[in-house]
Amino acid sequence: MIKKNKISPIKLIKFYNLINYNLIYNNKAINRYKKDTFQISADKAENLVRLKETIQNIKNCSLKDGSTNMVFSDGNPKSKIMLVGEAPGASEDKEGLPFVGRAGALLDKMLAAIDLDRKKVYISNIINYRPPSNRRPTDEEIKRYLPFITKHIEIINPKILVLLGSTAMNALIGNEVVISKMRGKWIEKKFGNCKTSVIITFHPAFLMRQPAQKKMAWIDLKMIRDKNI
Ligand code: URA
């Protein structure tokens, strides 16, 4: 005969309190990120500080010499989504943060369209100092800064890496590819120990010049929104 286990109501309440039964009976997904959204491991924090210091201490760099601030990153270092642009412009140089000028305003709108914002993602650039007159960084400059952004990606370890524009794409994927053929596809790639799904889309500054391409960027954004991570 099976013996029925009688548990006293007091014990049951204590048990439910212990296991936080609200989480079990709530039909919404448990938000594991609520409490410590920005709290990162000591290792990650230390690696980010070390990388930032290395870039700050770079020698004989005309980009650094000609700029006001280094632009390292913005957003949540714990995010599963990292975005990489080209290089800071005038507003970014002034504030020391990426994508805070006109292109940044459009980027914010693009993120909002898929229910994201800059606090939910992590943003950086291929180059950390503003090129004069916002010119495109030279191949030499990209070569010099590439180890930094590669390390940066490895430290953040995102599930999704969004490359904004052809400079970021050519620097991190290769010079033989063109953005019109590469955008809107998932590419599995490794950066050091970080295995990530890369998607390339148009740079917001390009979209401001070519608004007809926004429909293609919308396709890419929906792919990011719908990716299971
Ligand atoms: N364009 C970029 O690529 N990065 C910025 O931070 C600002 C504009």
# chains A, B, ... in the order shown; residues from 1 in each chain; ligands from 1
$ residues_near_ligand --ligand "ligand 1" --cutoff "6 Å" --atoms "only C-alpha atoms and all ligand atoms" --output "ChimeraX atom specification"
/A:85-89,92,98-99,103,125
$ write_last_selection --atoms "N, CA, C and O atoms" --output "PDB file, in the first residue's frame"
ATOM      1  N   GLY A  85      30.878  49.721 -34.671  1.00  0.00           N
ATOM      2  CA  GLY A  85      30.849  50.700 -35.756  1.00  0.00           C
ATOM      3  C   GLY A  85      32.249  50.958 -36.281  1.00  0.00           C
ATOM      4  O   GLY A  85      33.155  50.131 -36.115  1.00  0.00           O
ATOM      5  N   GLU A  86      32.419  52.135 -36.907  1.00  0.00           N
ATOM      6  CA  GLU A  86      33.699  52.432 -37.555  1.00  0.00           C
ATOM      7  C   GLU A  86      34.670  53.167 -36.609  1.00  0.00           C
ATOM      8  O   GLU A  86      35.662  52.603 -36.151  1.00  0.00           O
ATOM      9  N   ALA A  87      34.343  54.423 -36.319  1.00  0.00           N
ATOM     10  CA  ALA A  87      35.231  55.273 -35.505  1.00  0.00           C
ATOM     11  C   ALA A  87      34.408  56.443 -34.977  1.00  0.00           C
ATOM     12  O   ALA A  87      33.379  56.795 -35.551  1.00  0.00           O
ATOM     13  N   PRO A  88      34.873  57.065 -33.904  1.00  0.00           N
ATOM     14  CA  PRO A  88      34.119  58.205 -33.358  1.00  0.00           C
ATOM     15  C   PRO A  88      34.095  59.389 -34.319  1.00  0.00           C
ATOM     16  O   PRO A  88      35.034  59.591 -35.086  1.00  0.00           O
ATOM     17  N   GLY A  89      33.026  60.165 -34.231  1.00  0.00           N
ATOM     18  CA  GLY A  89      32.932  61.439 -34.940  1.00  0.00           C
ATOM     19  C   GLY A  89      33.118  62.565 -33.923  1.00  0.00           C
ATOM     20  O   GLY A  89      33.562  62.326 -32.787  1.00  0.00           O
ATOM     21  N   GLU A  92      31.111  62.183 -30.588  1.00  0.00           N
ATOM     22  CA  GLU A  92      31.635  61.059 -29.796  1.00  0.00           C
ATOM     23  C   GLU A  92      32.973  61.444 -29.154  1.00  0.00           C
ATOM     24  O   GLU A  92      33.234  61.133 -27.993  1.00  0.00           O
ATOM     25  N   PRO A  98      30.496  56.189 -27.785  1.00  0.00           N
ATOM     26  CA  PRO A  98      30.198  55.900 -29.193  1.00  0.00           C
ATOM     27  C   PRO A  98      28.754  56.243 -29.568  1.00  0.00           C
ATOM     28  O   PRO A  98      27.853  56.171 -28.722  1.00  0.00           O
ATOM     29  N   PHE A  99      28.554  56.596 -30.809  1.00  0.00           N
ATOM     30  CA  PHE A  99      27.212  56.796 -31.380  1.00  0.00           C
ATOM     31  C   PHE A  99      26.313  57.717 -30.548  1.00  0.00           C
ATOM     32  O   PHE A  99      25.217  57.330 -30.141  1.00  0.00           O
ATOM     33  N   ALA A 103      24.269  60.014 -36.287  1.00  0.00           N
ATOM     34  CA  ALA A 103      24.191  58.581 -36.631  1.00  0.00           C
ATOM     35  C   ALA A 103      23.729  57.785 -35.409  1.00  0.00           C
ATOM     36  O   ALA A 103      22.966  56.818 -35.526  1.00  0.00           O
ATOM     37  N   ASN A 125      33.622  50.502 -31.325  1.00  0.00           N
ATOM     38  CA  ASN A 125      34.036  50.828 -32.692  1.00  0.00           C
ATOM     39  C   ASN A 125      35.331  50.099 -33.033  1.00  0.00           C
ATOM     40  O   ASN A 125      36.055  49.667 -32.143  1.00  0.00           O
TER      41      ASN A 125
END
$ select_by_dssp --residues "region 20-229 of chain A" --states "helix (DSSP H, G or I)" --output "PyMOL selection string"
chain A and resi 21-25+42-56+62-65+90-95+102-113+132-134+139-156+166-173+179-182+204-209+211-226
$ residues_around --residues "Asn228 (chain A)" --least-positions-apart "3" --cutoff "12 Å" --atoms "only C-alpha atoms" --output "MDAnalysis selection string"
chainID A and resid 80:81 159:160 197 222:225
$ atom_distance --atom1 "CA of Phe206 (chain A)" --atom2 "CA of Val178 (chain A)"
14.5 Å
$ closest_residue --among "A:Val71, A:Ile199, A:Leu83, A:Ile114" --to "Ile173 (chain A)" --atoms "only C-alpha atoms"
A:Ile199
$ closest_residue --among "A:Gly104, A:Glu46, A:Leu51, A:Leu63" --to "Met208 (chain A)" --atoms "only C-alpha atoms"
A:Gly104
$ atom_distance --atom1 "CA of Gly165 (chain A)" --atom2 "CA of Asp108 (chain A)"
15.8 Å
$ closest_atom_pairs --of "region 33-127 of chain A" --to "region 215-221 of chain A" --cutoff "10 Å" --atoms "only C-alpha atoms" --output "Markdown table"
| residue | atom | partner | partner_atom | distance |
| --- | --- | --- | --- | --- |
| A:Met110 | CA | A:Leu221 | CA | 7.5 |
| A:Leu111 | CA | A:Leu221 | CA | 7.9 |
| A:Ala113 | CA | A:Leu221 | CA | 8.1 |
| A:Ile114 | CA | A:Leu221 | CA | 6.8 |
$ decode --residues "region 96-122 of chain A" --atoms "N, CA and C atoms" --output "mmCIF file, in the first residue's frame"
data_model
loop_
_atom_site.group_PDB
_atom_site.id
_atom_site.type_symbol
_atom_site.label_atom_id
_atom_site.label_comp_id
_atom_site.auth_asym_id
_atom_site.auth_seq_id
_atom_site.Cartn_x
_atom_site.Cartn_y
_atom_site.Cartn_z
ATOM 1 N N GLY A 96 33.201 61.255 -25.397
ATOM 2 C CA GLY A 96 33.912 60.023 -25.015
ATOM 3 C C GLY A 96 33.034 58.789 -25.049
ATOM 4 N N LEU A 97 31.942 58.871 -25.834
ATOM 5 C CA LEU A 97 31.028 57.729 -25.949
ATOM 6 C C LEU A 97 30.698 57.473 -27.422
ATOM 7 N N PRO A 98 30.496 56.189 -27.785
ATOM 8 C CA PRO A 98 30.198 55.900 -29.193
ATOM 9 C C PRO A 98 28.754 56.243 -29.568
ATOM 10 N N PHE A 99 28.554 56.596 -30.809
ATOM 11 C CA PHE A 99 27.212 56.796 -31.380
ATOM 12 C C PHE A 99 26.313 57.717 -30.548
ATOM 13 N N VAL A 100 26.815 58.919 -30.287
ATOM 14 C CA VAL A 100 25.980 59.894 -29.571
ATOM 15 C C VAL A 100 25.616 61.091 -30.472
ATOM 16 N N GLY A 101 26.108 61.085 -31.716
ATOM 17 C CA GLY A 101 25.779 62.168 -32.640
ATOM 18 C C GLY A 101 24.553 61.815 -33.474
ATOM 19 N N ARG A 102 24.504 62.352 -34.711
ATOM 20 C CA ARG A 102 23.322 62.135 -35.565
ATOM 21 C C ARG A 102 23.156 60.664 -35.962
ATOM 22 N N ALA A 103 24.269 60.014 -36.287
ATOM 23 C CA ALA A 103 24.191 58.581 -36.631
ATOM 24 C C ALA A 103 23.729 57.785 -35.409
ATOM 25 N N GLY A 104 24.162 58.229 -34.244
ATOM 26 C CA GLY A 104 23.761 57.564 -32.998
ATOM 27 C C GLY A 104 22.271 57.693 -32.742
ATOM 28 N N ALA A 105 21.707 58.856 -33.091
ATOM 29 C CA ALA A 105 20.262 59.055 -32.894
ATOM 30 C C ALA A 105 19.489 58.069 -33.772
ATOM 31 N N LEU A 106 19.996 57.859 -35.001
ATOM 32 C CA LEU A 106 19.323 56.887 -35.875
ATOM 33 C C LEU A 106 19.533 55.464 -35.341
ATOM 34 N N LEU A 107 20.731 55.195 -34.850
ATOM 35 C CA LEU A 107 20.984 53.860 -34.281
ATOM 36 C C LEU A 107 20.021 53.592 -33.113
ATOM 37 N N ASP A 108 19.812 54.597 -32.276
ATOM 38 C CA ASP A 108 18.869 54.438 -31.156
ATOM 39 C C ASP A 108 17.469 54.085 -31.666
ATOM 40 N N LYS A 109 17.072 54.734 -32.768
ATOM 41 C CA LYS A 109 15.740 54.452 -33.335
ATOM 42 C C LYS A 109 15.686 53.034 -33.903
ATOM 43 N N MET A 110 16.784 52.630 -34.541
ATOM 44 C CA MET A 110 16.826 51.276 -35.115
ATOM 45 C C MET A 110 16.701 50.234 -34.000
ATOM 46 N N LEU A 111 17.410 50.489 -32.898
ATOM 47 C CA LEU A 111 17.361 49.549 -31.764
ATOM 48 C C LEU A 111 15.957 49.540 -31.153
ATOM 49 N N ALA A 112 15.370 50.739 -31.025
ATOM 50 C CA ALA A 112 14.030 50.832 -30.425
ATOM 51 C C ALA A 112 13.005 50.059 -31.254
ATOM 52 N N ALA A 113 13.215 50.015 -32.574
ATOM 53 C CA ALA A 113 12.276 49.311 -33.465
ATOM 54 C C ALA A 113 12.231 47.816 -33.153
ATOM 55 N N ILE A 114 13.289 47.289 -32.531
ATOM 56 C CA ILE A 114 13.261 45.867 -32.147
ATOM 57 C C ILE A 114 13.324 45.730 -30.617
ATOM 58 N N ASP A 115 12.786 46.763 -29.967
ATOM 59 C CA ASP A 115 12.640 46.732 -28.510
ATOM 60 C C ASP A 115 13.974 46.618 -27.765
ATOM 61 N N LEU A 116 14.991 47.257 -28.317
ATOM 62 C CA LEU A 116 16.297 47.301 -27.641
ATOM 63 C C LEU A 116 16.662 48.763 -27.404
ATOM 64 N N ASP A 117 17.582 48.986 -26.505
ATOM 65 C CA ASP A 117 18.178 50.314 -26.403
ATOM 66 C C ASP A 117 19.643 50.148 -26.007
ATOM 67 N N ARG A 118 20.366 51.283 -25.943
ATOM 68 C CA ARG A 118 21.809 51.159 -25.737
ATOM 69 C C ARG A 118 22.182 50.626 -24.358
ATOM 70 N N LYS A 119 21.235 50.623 -23.446
ATOM 71 C CA LYS A 119 21.540 50.039 -22.136
ATOM 72 C C LYS A 119 21.407 48.517 -22.170
ATOM 73 N N LYS A 120 20.699 48.030 -23.196
ATOM 74 C CA LYS A 120 20.508 46.575 -23.286
ATOM 75 C C LYS A 120 21.547 45.922 -24.180
ATOM 76 N N VAL A 121 22.290 46.740 -24.958
ATOM 77 C CA VAL A 121 23.323 46.164 -25.827
ATOM 78 C C VAL A 121 24.679 46.747 -25.413
ATOM 79 N N TYR A 122 25.733 46.323 -26.096
ATOM 80 C CA TYR A 122 27.073 46.855 -25.820
ATOM 81 C C TYR A 122 27.617 47.391 -27.142
#
